[in-house]
Every structure is written in C-alpha cells, then in structure tokens.
>>> print(open('my_file-v1.txt').read())   # compact mmCIF, N, CA and C atoms
# COMPACT_ATOMS: atom_id res chain seq x y z
N MET Z 383 -2.30 11.22 22.55
CA MET Z 383 -2.01 10.17 21.60
C MET Z 383 -1.30 9.04 22.35
N ALA Z 384 -1.73 7.82 22.11
CA ALA Z 384 -1.11 6.67 22.77
C ALA Z 384 0.32 6.49 22.26
N ASP Z 385 1.19 6.05 23.16
CA ASP Z 385 2.59 5.90 22.80
C ASP Z 385 2.80 4.70 21.88
N GLU Z 386 2.02 3.63 22.09
CA GLU Z 386 2.19 2.45 21.25
C GLU Z 386 1.33 2.55 20.00
N LEU Z 387 1.70 1.78 18.99
CA LEU Z 387 1.02 1.82 17.70
C LEU Z 387 0.38 0.46 17.44
N ARG Z 388 -0.94 0.44 17.37
CA ARG Z 388 -1.68 -0.81 17.15
C ARG Z 388 -1.76 -1.08 15.65
N ILE Z 389 -1.24 -2.24 15.22
CA ILE Z 389 -1.23 -2.62 13.81
C ILE Z 389 -2.45 -3.46 13.47
N ASN Z 390 -2.68 -4.53 14.23
CA ASN Z 390 -3.87 -5.37 14.07
C ASN Z 390 -4.16 -6.03 15.42
N ASP Z 391 -5.03 -7.03 15.44
CA ASP Z 391 -5.40 -7.67 16.70
C ASP Z 391 -4.22 -8.36 17.38
N ARG Z 392 -3.27 -8.83 16.58
CA ARG Z 392 -2.16 -9.61 17.13
C ARG Z 392 -0.87 -8.82 17.32
N LEU Z 393 -0.81 -7.61 16.79
CA LEU Z 393 0.46 -6.88 16.80
C LEU Z 393 0.27 -5.44 17.26
N THR Z 394 1.03 -5.07 18.27
CA THR Z 394 1.09 -3.69 18.75
C THR Z 394 2.56 -3.35 18.95
N ILE Z 395 2.99 -2.26 18.35
CA ILE Z 395 4.39 -1.85 18.43
C ILE Z 395 4.55 -0.84 19.57
N PRO Z 396 5.43 -1.11 20.52
CA PRO Z 396 5.66 -0.15 21.61
C PRO Z 396 6.28 1.14 21.07
N GLY Z 397 5.98 2.23 21.73
CA GLY Z 397 6.46 3.53 21.29
C GLY Z 397 7.98 3.64 21.28
N GLY Z 398 8.66 2.86 22.10
CA GLY Z 398 10.12 2.92 22.16
C GLY Z 398 10.80 2.45 20.89
N GLU Z 399 10.09 1.68 20.06
CA GLU Z 399 10.68 1.19 18.80
C GLU Z 399 10.44 2.15 17.64
N LEU Z 400 9.66 3.19 17.86
CA LEU Z 400 9.37 4.17 16.81
C LEU Z 400 10.26 5.39 17.01
N ARG Z 401 10.80 5.91 15.93
CA ARG Z 401 11.64 7.11 15.97
C ARG Z 401 10.96 8.21 15.15
N GLU Z 402 10.82 9.37 15.76
CA GLU Z 402 10.23 10.51 15.06
C GLU Z 402 11.28 11.59 14.89
N ARG Z 403 11.28 12.19 13.70
CA ARG Z 403 12.14 13.34 13.42
C ARG Z 403 11.28 14.44 12.84
N PHE Z 404 11.55 15.66 13.22
CA PHE Z 404 10.75 16.79 12.76
C PHE Z 404 11.64 17.76 12.00
N SER Z 405 11.07 18.35 10.96
CA SER Z 405 11.81 19.36 10.20
C SER Z 405 10.81 20.33 9.58
N ARG Z 406 11.32 21.36 8.98
CA ARG Z 406 10.45 22.36 8.37
C ARG Z 406 9.87 21.81 7.08
N SER Z 407 8.61 22.09 6.89
CA SER Z 407 7.89 21.59 5.72
C SER Z 407 7.73 22.72 4.71
N SER Z 408 7.75 22.35 3.44
CA SER Z 408 7.48 23.35 2.41
C SER Z 408 5.97 23.42 2.21
N GLY Z 409 5.53 24.37 1.42
CA GLY Z 409 4.11 24.45 1.09
C GLY Z 409 3.39 25.51 1.88
N PRO Z 410 2.05 25.42 1.92
CA PRO Z 410 1.26 26.48 2.55
C PRO Z 410 1.48 26.54 4.06
N GLY Z 411 1.24 27.68 4.62
CA GLY Z 411 1.40 27.85 6.05
C GLY Z 411 1.71 29.28 6.42
N GLY Z 412 1.84 30.13 5.41
CA GLY Z 412 2.09 31.54 5.70
C GLY Z 412 3.45 31.74 6.33
N GLN Z 413 3.52 32.68 7.25
CA GLN Z 413 4.80 32.98 7.89
C GLN Z 413 5.28 31.83 8.77
N GLY Z 414 4.34 31.02 9.26
CA GLY Z 414 4.70 29.93 10.15
C GLY Z 414 5.49 28.83 9.47
N VAL Z 415 5.41 28.75 8.14
CA VAL Z 415 6.10 27.67 7.44
C VAL Z 415 7.61 27.78 7.60
N ASN Z 416 8.11 28.98 7.86
CA ASN Z 416 9.55 29.18 7.99
C ASN Z 416 10.06 28.91 9.41
N THR Z 417 9.15 28.77 10.36
CA THR Z 417 9.58 28.65 11.75
C THR Z 417 9.11 27.37 12.43
N THR Z 418 8.14 26.69 11.87
CA THR Z 418 7.54 25.53 12.55
C THR Z 418 8.05 24.23 11.96
N ASP Z 419 8.48 23.32 12.82
CA ASP Z 419 8.91 22.00 12.37
C ASP Z 419 7.70 21.09 12.28
N SER Z 420 6.94 21.21 11.18
CA SER Z 420 5.69 20.46 11.08
C SER Z 420 5.84 19.16 10.28
N ARG Z 421 6.90 19.00 9.53
CA ARG Z 421 7.13 17.79 8.75
C ARG Z 421 7.60 16.68 9.70
N VAL Z 422 7.03 15.47 9.52
CA VAL Z 422 7.33 14.36 10.43
C VAL Z 422 7.90 13.19 9.63
N GLU Z 423 9.01 12.63 10.10
CA GLU Z 423 9.55 11.38 9.58
C GLU Z 423 9.44 10.35 10.69
N LEU Z 424 8.65 9.31 10.44
CA LEU Z 424 8.44 8.24 11.42
C LEU Z 424 9.17 7.01 10.92
N SER Z 425 10.08 6.47 11.72
CA SER Z 425 10.90 5.32 11.32
C SER Z 425 10.66 4.14 12.26
N PHE Z 426 10.67 2.94 11.65
CA PHE Z 426 10.52 1.70 12.41
C PHE Z 426 11.50 0.69 11.85
N ASP Z 427 12.33 0.12 12.73
CA ASP Z 427 13.33 -0.85 12.30
C ASP Z 427 12.69 -2.23 12.23
N VAL Z 428 12.25 -2.60 11.03
CA VAL Z 428 11.58 -3.89 10.82
C VAL Z 428 12.57 -5.04 11.02
N GLY Z 429 13.80 -4.87 10.55
CA GLY Z 429 14.78 -5.94 10.57
C GLY Z 429 15.21 -6.39 11.95
N SER Z 430 15.24 -5.50 12.92
CA SER Z 430 15.74 -5.89 14.26
C SER Z 430 14.73 -5.62 15.36
N SER Z 431 13.46 -5.56 15.03
CA SER Z 431 12.44 -5.31 16.04
C SER Z 431 12.19 -6.57 16.88
N PRO Z 432 12.30 -6.46 18.21
CA PRO Z 432 12.01 -7.63 19.05
C PRO Z 432 10.52 -7.93 19.15
N THR Z 433 9.67 -6.98 18.75
CA THR Z 433 8.23 -7.16 18.85
C THR Z 433 7.70 -8.12 17.79
N LEU Z 434 8.30 -8.09 16.60
CA LEU Z 434 7.81 -8.92 15.51
C LEU Z 434 8.30 -10.36 15.66
N PRO Z 435 7.39 -11.34 15.58
CA PRO Z 435 7.83 -12.74 15.53
C PRO Z 435 8.63 -12.98 14.26
N ASP Z 436 9.44 -14.03 14.24
CA ASP Z 436 10.32 -14.28 13.09
C ASP Z 436 9.55 -14.41 11.79
N TRP Z 437 8.45 -15.16 11.80
CA TRP Z 437 7.70 -15.36 10.55
C TRP Z 437 7.09 -14.04 10.05
N MET Z 438 6.67 -13.20 10.97
CA MET Z 438 6.09 -11.91 10.60
C MET Z 438 7.18 -10.97 10.08
N ARG Z 439 8.35 -11.01 10.71
CA ARG Z 439 9.47 -10.18 10.27
C ARG Z 439 9.89 -10.55 8.86
N GLU Z 440 10.01 -11.86 8.60
CA GLU Z 440 10.41 -12.32 7.26
C GLU Z 440 9.42 -11.89 6.21
N ARG Z 441 8.13 -12.03 6.52
CA ARG Z 441 7.08 -11.63 5.57
C ARG Z 441 7.13 -10.13 5.30
N ALA Z 442 7.31 -9.34 6.36
CA ALA Z 442 7.36 -7.88 6.21
C ALA Z 442 8.61 -7.45 5.44
N LEU Z 443 9.76 -8.07 5.74
CA LEU Z 443 10.99 -7.72 5.02
C LEU Z 443 10.87 -8.06 3.54
N ASP Z 444 10.22 -9.17 3.24
CA ASP Z 444 10.05 -9.58 1.85
C ASP Z 444 9.12 -8.62 1.11
N ARG Z 445 7.98 -8.31 1.71
CA ARG Z 445 6.98 -7.48 1.02
C ARG Z 445 7.36 -6.00 0.98
N LEU Z 446 8.14 -5.54 1.93
CA LEU Z 446 8.52 -4.12 1.97
C LEU Z 446 9.94 -3.88 1.47
N SER Z 447 10.53 -4.87 0.81
CA SER Z 447 11.95 -4.78 0.44
C SER Z 447 12.27 -3.53 -0.37
N GLY Z 448 11.36 -3.05 -1.19
CA GLY Z 448 11.62 -1.87 -2.00
C GLY Z 448 11.58 -0.56 -1.22
N ARG Z 449 10.99 -0.58 -0.03
CA ARG Z 449 10.85 0.63 0.77
C ARG Z 449 11.81 0.71 1.94
N LEU Z 450 12.54 -0.36 2.20
CA LEU Z 450 13.41 -0.41 3.37
C LEU Z 450 14.82 0.06 3.04
N VAL Z 451 15.44 0.75 3.99
CA VAL Z 451 16.85 1.11 3.90
C VAL Z 451 17.52 0.51 5.13
N ASP Z 452 18.35 -0.49 4.92
CA ASP Z 452 19.01 -1.23 6.00
C ASP Z 452 18.00 -1.78 7.01
N GLY Z 453 16.86 -2.24 6.52
CA GLY Z 453 15.84 -2.84 7.38
C GLY Z 453 14.95 -1.83 8.09
N VAL Z 454 15.11 -0.54 7.80
CA VAL Z 454 14.32 0.50 8.47
C VAL Z 454 13.29 1.06 7.49
N LEU Z 455 12.04 1.09 7.94
CA LEU Z 455 10.93 1.66 7.16
C LEU Z 455 10.69 3.09 7.64
N THR Z 456 10.69 4.04 6.71
CA THR Z 456 10.48 5.45 7.07
C THR Z 456 9.28 6.00 6.32
N ILE Z 457 8.40 6.65 7.07
CA ILE Z 457 7.20 7.28 6.52
C ILE Z 457 7.34 8.78 6.74
N THR Z 458 7.05 9.57 5.72
CA THR Z 458 7.12 11.02 5.83
C THR Z 458 5.72 11.60 5.67
N ALA Z 459 5.35 12.52 6.54
CA ALA Z 459 4.05 13.19 6.46
C ALA Z 459 4.27 14.69 6.54
N ARG Z 460 3.74 15.41 5.57
CA ARG Z 460 3.86 16.87 5.58
C ARG Z 460 2.65 17.54 4.97
N GLU Z 461 1.53 16.81 4.87
CA GLU Z 461 0.37 17.37 4.20
C GLU Z 461 -0.45 18.32 5.06
N HIS Z 462 -0.23 18.33 6.38
CA HIS Z 462 -0.97 19.22 7.27
C HIS Z 462 -0.06 20.35 7.76
N ARG Z 463 -0.69 21.42 8.20
CA ARG Z 463 0.09 22.54 8.72
C ARG Z 463 0.54 22.31 10.15
N ALA Z 464 -0.20 21.47 10.87
CA ALA Z 464 0.11 21.23 12.29
C ALA Z 464 0.97 19.97 12.45
N GLN Z 465 1.94 20.05 13.33
CA GLN Z 465 2.82 18.90 13.57
C GLN Z 465 2.04 17.71 14.12
N LEU Z 466 1.10 17.97 15.00
CA LEU Z 466 0.32 16.88 15.60
C LEU Z 466 -0.48 16.13 14.53
N ALA Z 467 -1.07 16.85 13.61
CA ALA Z 467 -1.84 16.20 12.53
C ALA Z 467 -0.92 15.37 11.64
N ASN Z 468 0.28 15.87 11.38
CA ASN Z 468 1.24 15.11 10.57
C ASN Z 468 1.73 13.87 11.32
N ARG Z 469 1.89 13.98 12.63
CA ARG Z 469 2.29 12.80 13.42
C ARG Z 469 1.22 11.72 13.34
N GLU Z 470 -0.04 12.12 13.48
CA GLU Z 470 -1.13 11.16 13.40
C GLU Z 470 -1.22 10.54 12.01
N ALA Z 471 -1.03 11.35 10.97
CA ALA Z 471 -1.08 10.83 9.60
C ALA Z 471 0.04 9.83 9.35
N ALA Z 472 1.24 10.13 9.84
CA ALA Z 472 2.38 9.23 9.65
C ALA Z 472 2.14 7.91 10.39
N ARG Z 473 1.62 7.98 11.60
CA ARG Z 473 1.35 6.76 12.36
C ARG Z 473 0.27 5.92 11.69
N ALA Z 474 -0.75 6.57 11.17
CA ALA Z 474 -1.82 5.83 10.48
C ALA Z 474 -1.28 5.15 9.22
N ARG Z 475 -0.44 5.85 8.47
CA ARG Z 475 0.12 5.26 7.24
C ARG Z 475 1.06 4.10 7.57
N LEU Z 476 1.87 4.25 8.63
CA LEU Z 476 2.76 3.17 9.03
C LEU Z 476 1.96 1.94 9.46
N ALA Z 477 0.90 2.16 10.23
CA ALA Z 477 0.07 1.03 10.69
C ALA Z 477 -0.57 0.32 9.50
N ALA Z 478 -1.09 1.07 8.53
CA ALA Z 478 -1.72 0.45 7.36
C ALA Z 478 -0.70 -0.32 6.53
N LEU Z 479 0.48 0.26 6.36
CA LEU Z 479 1.52 -0.38 5.56
C LEU Z 479 1.99 -1.69 6.21
N LEU Z 480 2.21 -1.66 7.52
CA LEU Z 480 2.64 -2.86 8.22
C LEU Z 480 1.53 -3.91 8.28
N ALA Z 481 0.28 -3.48 8.42
CA ALA Z 481 -0.83 -4.43 8.43
C ALA Z 481 -0.91 -5.18 7.10
N ASP Z 482 -0.73 -4.46 6.00
CA ASP Z 482 -0.73 -5.11 4.68
C ASP Z 482 0.46 -6.03 4.52
N ALA Z 483 1.60 -5.62 5.06
CA ALA Z 483 2.83 -6.39 4.89
C ALA Z 483 2.81 -7.71 5.66
N VAL Z 484 2.18 -7.74 6.82
CA VAL Z 484 2.19 -8.96 7.62
C VAL Z 484 0.93 -9.79 7.44
N ALA Z 485 -0.01 -9.33 6.62
CA ALA Z 485 -1.24 -10.09 6.39
C ALA Z 485 -0.91 -11.39 5.66
N PRO Z 486 -1.70 -12.43 5.90
CA PRO Z 486 -1.44 -13.68 5.20
C PRO Z 486 -1.68 -13.51 3.70
N PRO Z 487 -0.98 -14.29 2.88
CA PRO Z 487 -1.16 -14.14 1.44
C PRO Z 487 -2.57 -14.55 1.02
N PRO Z 488 -3.07 -13.98 -0.05
CA PRO Z 488 -4.42 -14.35 -0.50
C PRO Z 488 -4.44 -15.79 -0.99
N PRO Z 489 -5.61 -16.43 -1.01
CA PRO Z 489 -5.66 -17.80 -1.49
C PRO Z 489 -5.26 -17.87 -2.96
N THR Z 490 -4.65 -18.97 -3.34
CA THR Z 490 -4.21 -19.11 -4.73
C THR Z 490 -5.43 -19.25 -5.64
N ARG Z 491 -5.29 -18.75 -6.84
CA ARG Z 491 -6.39 -18.80 -7.79
C ARG Z 491 -6.52 -20.19 -8.37
N ARG Z 492 -7.75 -20.68 -8.39
CA ARG Z 492 -7.99 -21.97 -9.03
C ARG Z 492 -8.20 -21.74 -10.52
N PRO Z 493 -7.42 -22.38 -11.36
CA PRO Z 493 -7.59 -22.16 -12.79
C PRO Z 493 -8.95 -22.66 -13.27
N THR Z 494 -9.59 -21.87 -14.09
CA THR Z 494 -10.90 -22.25 -14.64
C THR Z 494 -10.86 -22.12 -16.15
N ARG Z 495 -11.86 -22.70 -16.81
CA ARG Z 495 -11.98 -22.59 -18.26
C ARG Z 495 -13.28 -21.89 -18.58
N PRO Z 496 -13.31 -21.16 -19.69
CA PRO Z 496 -14.58 -20.54 -20.08
C PRO Z 496 -15.59 -21.61 -20.50
N SER Z 497 -16.85 -21.38 -20.19
CA SER Z 497 -17.89 -22.34 -20.55
C SER Z 497 -18.13 -22.32 -22.07
N ARG Z 498 -18.83 -23.33 -22.55
CA ARG Z 498 -19.12 -23.39 -23.98
C ARG Z 498 -19.96 -22.17 -24.40
N ALA Z 499 -20.94 -21.79 -23.58
CA ALA Z 499 -21.79 -20.64 -23.90
C ALA Z 499 -20.95 -19.36 -23.98
N ALA Z 500 -19.96 -19.21 -23.08
CA ALA Z 500 -19.12 -18.02 -23.11
C ALA Z 500 -18.28 -17.99 -24.38
N LYS Z 501 -17.76 -19.15 -24.80
CA LYS Z 501 -16.99 -19.21 -26.05
C LYS Z 501 -17.86 -18.84 -27.23
N GLU Z 502 -19.10 -19.38 -27.26
CA GLU Z 502 -20.01 -19.08 -28.37
C GLU Z 502 -20.37 -17.60 -28.41
N ARG Z 503 -20.60 -16.99 -27.24
CA ARG Z 503 -20.90 -15.54 -27.21
C ARG Z 503 -19.73 -14.74 -27.74
N ARG Z 504 -18.52 -15.13 -27.35
CA ARG Z 504 -17.33 -14.41 -27.83
C ARG Z 504 -17.20 -14.52 -29.35
N LEU Z 505 -17.38 -15.71 -29.89
CA LEU Z 505 -17.25 -15.90 -31.34
C LEU Z 505 -18.36 -15.18 -32.10
N GLU Z 506 -19.56 -15.17 -31.53
CA GLU Z 506 -20.66 -14.46 -32.18
C GLU Z 506 -20.39 -12.95 -32.18
N ALA Z 507 -19.85 -12.42 -31.10
CA ALA Z 507 -19.51 -10.99 -31.05
C ALA Z 507 -18.44 -10.67 -32.08
N LYS Z 508 -17.47 -11.58 -32.25
CA LYS Z 508 -16.43 -11.36 -33.27
C LYS Z 508 -17.04 -11.35 -34.67
N ARG Z 509 -17.98 -12.27 -34.91
CA ARG Z 509 -18.64 -12.30 -36.23
C ARG Z 509 -19.40 -11.01 -36.49
N ARG Z 510 -20.14 -10.53 -35.48
CA ARG Z 510 -20.90 -9.28 -35.64
C ARG Z 510 -19.96 -8.11 -35.93
N GLN Z 511 -18.85 -8.05 -35.21
CA GLN Z 511 -17.90 -6.96 -35.40
C GLN Z 511 -17.28 -7.01 -36.80
N SER Z 512 -16.95 -8.20 -37.28
CA SER Z 512 -16.35 -8.29 -38.62
C SER Z 512 -17.37 -7.91 -39.69
N GLN Z 513 -18.64 -8.28 -39.49
CA GLN Z 513 -19.69 -7.87 -40.44
C GLN Z 513 -19.81 -6.34 -40.47
N LEU Z 514 -19.78 -5.74 -39.30
CA LEU Z 514 -19.89 -4.28 -39.20
C LEU Z 514 -18.73 -3.62 -39.93
N LYS Z 515 -17.53 -4.12 -39.72
CA LYS Z 515 -16.36 -3.52 -40.37
C LYS Z 515 -16.36 -3.75 -41.88
N ARG Z 516 -16.84 -4.94 -42.29
CA ARG Z 516 -16.92 -5.24 -43.72
C ARG Z 516 -17.89 -4.28 -44.42
N GLY Z 517 -18.94 -3.86 -43.71
CA GLY Z 517 -19.91 -2.93 -44.27
C GLY Z 517 -19.42 -1.50 -44.35
N ARG Z 518 -18.23 -1.20 -43.79
CA ARG Z 518 -17.71 0.16 -43.83
C ARG Z 518 -16.85 0.43 -45.06
N GLY Z 519 -16.80 -0.46 -45.98
CA GLY Z 519 -15.94 -0.32 -47.15
C GLY Z 519 -16.33 0.89 -48.00
N ALA Z 520 -15.53 1.16 -49.04
CA ALA Z 520 -15.78 2.29 -49.93
C ALA Z 520 -17.10 2.10 -50.65
N VAL Z 521 -17.84 3.17 -50.87
CA VAL Z 521 -19.15 3.11 -51.52
C VAL Z 521 -18.97 3.23 -53.03
N GLY Z 522 -19.64 2.35 -53.80
CA GLY Z 522 -19.69 2.45 -55.26
C GLY Z 522 -18.44 2.05 -56.00
N GLU Z 523 -17.65 1.15 -55.51
CA GLU Z 523 -16.48 0.70 -56.25
C GLU Z 523 -16.78 -0.48 -57.06
>>> encode(input="my_file-v1.txt", output="structure tokens")
Amino acid sequence: MADELRINDRLTIPGGELRERFSRSSGPGGQGVNTTDSRVELSFDVGSSPTLPDWMRERALDRLSGRLVDGVLTITAREHRAQLANREAARARLAALLADAVAPPPPTRRPTRPSRAAKERRLEAKRRQSQLKRGRGAVGE
C-alpha cells in the first residue's frame, strides 16, 4: 500500500500527515475477534495541514465542520475481519470525503418559470381529480 493518499489530480496527502490507531473490533471473527486489533481509526489534521492550500483548507473546514474535532477529521473502519482491509477501507473513505469537501461548489441554479402548457396540464389534472372525488359521494341521498 502506498504511504501517501491521493485525493484528486491536484491533491495528494503524504503519509506523515495521516495517523492510524488500531484497536479490537466487535462483531464477527470467531476467537480472533478477542485478540486481533482489526479496527482502524484514520485521522487527518485538516486545520493545520501544510499540504492543503489556504483556499482548500477553508473550504474543507467549512464543509466538514460537523465532523471535525479541533480541526482533525477521524474515519473509523471495522467492517472487515482483516486489519489490512479495514486500513484500505478507511483510506478510501477519507479520500472520498476530502475530495467532496474540496470540490468546487456546484453552479448556482437559474430560476425558471413553468410554461403555460405546464400550468394548463396541472390545472386540468386538478380538475380531473376533483371530478373523481366528487363522484365518490354517498349513493342514493
């Protein structure tokens, strides 16, 4: 596994800025679950990373504000029985999360109005529905 983490074409995080912690995972695994440190916590300090340019750091801090603790983003992976598979899963999730966080914002929506034909179709559908409901009244009153 490569030491650095590739986020997108413009950003690659060196392995020295990533912190991994291992612990015992709950769940399936038989007898090995009690002895193997397969759970992985991968942490990246977004707030003080020298790799991120200022504009990218600000965007990431803003978009990830609900997930950060003191500027540090932590991903936990424990879905696999093997530590290596959990490490790969945590790195993939961190890369996807950071790629979304530093991506440029989507273009603003241009306000539009419904066409005359669309308004007429909507009103005609409302008329049909009201006729249908009016026909459901009590029989023989």
>>> atom_distance(input="my_file-v1.txt", atom1="CA of Arg473 in chain Z", atom2="CA of Ile389 in chain Z")
9.8 Å
>>> residues_around(input="my_file-v1.txt", residues="Gln465 in chain Z", least_positions_apart="6", cutoff="8 Å", atoms="all atoms listed in the file", output="list in words")
Thr418, Asp419, Ser420, Arg421, Val422 and Ala471 of chain Z
>>> select_by_dssp(input="my_file-v1.txt", residues="chain Z", states="helix (DSSP H, G or I)", output="PyMOL selection string")
chain Z and resi 397-399+412-416+436-445+465-484+498-516
>>> select_by_dssp(input="my_file-v1.txt", residues="chain Z", states="strand (DSSP E or B)", output="ChimeraX atom specification")
/Z:387-388,394-395,400-405,421-427,450-451,454-459
>>> atom_distance(input="my_file-v1.txt", atom1="atom N of Ala477 in chain Z", atom2="CA of Arg388 in chain Z")
8.0 Å
>>> atom_distance(input="my_file-v1.txt", atom1="atom C of Ala481 in chain Z", atom2="CA of Ala442 in chain Z")
8.7 Å
>>> closest_residue(input="my_file-v1.txt", among="Z:Val454, Z:Ser407, Z:Arg401, Z:Arg504", to="Gly429 in chain Z", atoms="only N, CA and C atoms")
Z:Val454
>>> residues_around(input="my_file-v1.txt", residues="Val428 in chain Z", least_positions_apart="3", cutoff="7 Å", atoms="only N, CA and C atoms", output="mmCIF file with N, CA and C atoms, keeping the file's coordinate frame")
data_model
loop_
_atom_site.group_PDB
_atom_site.id
_atom_site.type_symbol
_atom_site.label_atom_id
_atom_site.label_comp_id
_atom_site.auth_asym_id
_atom_site.auth_seq_id
_atom_site.Cartn_x
_atom_site.Cartn_y
_atom_site.Cartn_z
ATOM 1 N N SER Z 431 13.460 -5.560 15.030
ATOM 2 C CA SER Z 431 12.440 -5.310 16.040
ATOM 3 C C SER Z 431 12.190 -6.570 16.880
ATOM 4 N N ARG Z 439 8.350 -11.010 10.710
ATOM 5 C CA ARG Z 439 9.470 -10.180 10.270
ATOM 6 C C ARG Z 439 9.890 -10.550 8.860
ATOM 7 N N LEU Z 443 9.760 -8.070 5.740
ATOM 8 C CA LEU Z 443 10.990 -7.720 5.020
ATOM 9 C C LEU Z 443 10.870 -8.060 3.540
ATOM 10 N N GLY Z 453 16.860 -2.240 6.520
ATOM 11 C CA GLY Z 453 15.840 -2.840 7.380
ATOM 12 C C GLY Z 453 14.950 -1.830 8.090
ATOM 13 N N VAL Z 454 15.110 -0.540 7.800
ATOM 14 C CA VAL Z 454 14.320 0.500 8.470
ATOM 15 C C VAL Z 454 13.290 1.060 7.490
ATOM 16 N N LEU Z 455 12.040 1.090 7.940
ATOM 17 C CA LEU Z 455 10.930 1.660 7.160
ATOM 18 C C LEU Z 455 10.690 3.090 7.640
#
>>> closest_residue(input="my_file-v1.txt", among="Z:Asn390, Z:Arg503, Z:Ser497, Z:Val451", to="Leu480 in chain Z", atoms="all atoms listed in the file")
Z:Asn390
>>> residues_near_point(input="my_file-v1.txt", point="(4.7, -1.2, 22.5)", cutoff="8 Å", atoms="all atoms listed in the file", output="PyMOL selection string")
chain Z and resi 385-388+394-399+433
>>> closest_residue(input="my_file-v1.txt", among="Z:Arg445, Z:Lys501, Z:Arg403, Z:Arg510", to="Thr458 in chain Z", atoms="only C-alpha atoms")
Z:Arg403
>>> decode(input="my_file-v1.txt", residues="range 390-396 of chain Z", atoms="all heavy atoms", output="CSV table (one decimal), in the first residue's frame")
chain,number,residue,atom,x,y,z
Z,390,ASN,N,-7.3,13.8,-5.3
Z,390,ASN,CA,-7.7,14.1,-6.7
Z,390,ASN,C,-6.4,14.4,-7.5
Z,390,ASN,O,-5.3,14.2,-7.0
Z,390,ASN,CB,-8.7,15.2,-6.7
Z,390,ASN,CG,-8.3,16.5,-6.1
Z,390,ASN,OD1,-7.1,16.8,-6.0
Z,390,ASN,ND2,-9.2,17.3,-5.5
Z,391,ASP,N,-6.6,15.0,-8.7
Z,391,ASP,CA,-5.5,15.3,-9.6
Z,391,ASP,C,-4.5,16.3,-8.9
Z,391,ASP,O,-3.3,16.3,-9.2
Z,391,ASP,CB,-5.9,15.8,-10.9
Z,391,ASP,CG,-6.7,14.7,-11.7
Z,391,ASP,OD1,-6.5,13.5,-11.4
Z,391,ASP,OD2,-7.5,15.1,-12.6
Z,392,ARG,N,-5.1,17.2,-8.1
Z,392,ARG,CA,-4.3,18.3,-7.6
Z,392,ARG,C,-3.8,18.1,-6.2
Z,392,ARG,O,-3.0,18.9,-5.7
Z,392,ARG,CB,-5.1,19.6,-7.6
Z,392,ARG,CG,-5.6,19.9,-9.0
Z,392,ARG,CD,-6.7,21.0,-9.0
Z,392,ARG,NE,-6.0,22.3,-8.9
Z,392,ARG,CZ,-6.6,23.4,-8.7
Z,392,ARG,NH1,-7.9,23.4,-8.6
Z,392,ARG,NH2,-5.9,24.5,-8.6
Z,393,LEU,N,-4.3,17.1,-5.5
Z,393,LEU,CA,-4.0,16.9,-4.1
Z,393,LEU,C,-3.6,15.5,-3.7
Z,393,LEU,O,-4.4,14.6,-4.0
Z,393,LEU,CB,-5.3,17.4,-3.2
Z,393,LEU,CG,-5.1,17.3,-1.7
Z,393,LEU,CD1,-4.0,18.2,-1.2
Z,393,LEU,CD2,-6.5,17.6,-1.1
Z,394,THR,N,-2.5,15.4,-3.1
Z,394,THR,CA,-2.0,14.1,-2.6
Z,394,THR,C,-1.5,14.4,-1.2
Z,394,THR,O,-0.6,15.3,-1.0
Z,394,THR,CB,-0.9,13.5,-3.4
Z,394,THR,OG1,-1.4,13.3,-4.8
Z,394,THR,CG2,-0.4,12.2,-2.9
Z,395,ILE,N,-2.0,13.6,-0.2
Z,395,ILE,CA,-1.6,13.8,1.2
Z,395,ILE,C,-0.4,12.9,1.5
Z,395,ILE,O,-0.6,11.7,1.4
Z,395,ILE,CB,-2.7,13.6,2.1
Z,395,ILE,CG1,-3.8,14.6,1.9
Z,395,ILE,CG2,-2.3,13.7,3.6
Z,395,ILE,CD1,-5.1,14.4,2.6
Z,396,PRO,N,0.7,13.4,2.0
Z,396,PRO,CA,1.8,12.5,2.4
Z,396,PRO,C,1.4,11.6,3.6
Z,396,PRO,O,0.6,12.1,4.4
Z,396,PRO,CB,3.0,13.5,2.7
Z,396,PRO,CG,2.4,14.8,2.7
Z,396,PRO,CD,1.0,14.8,2.2
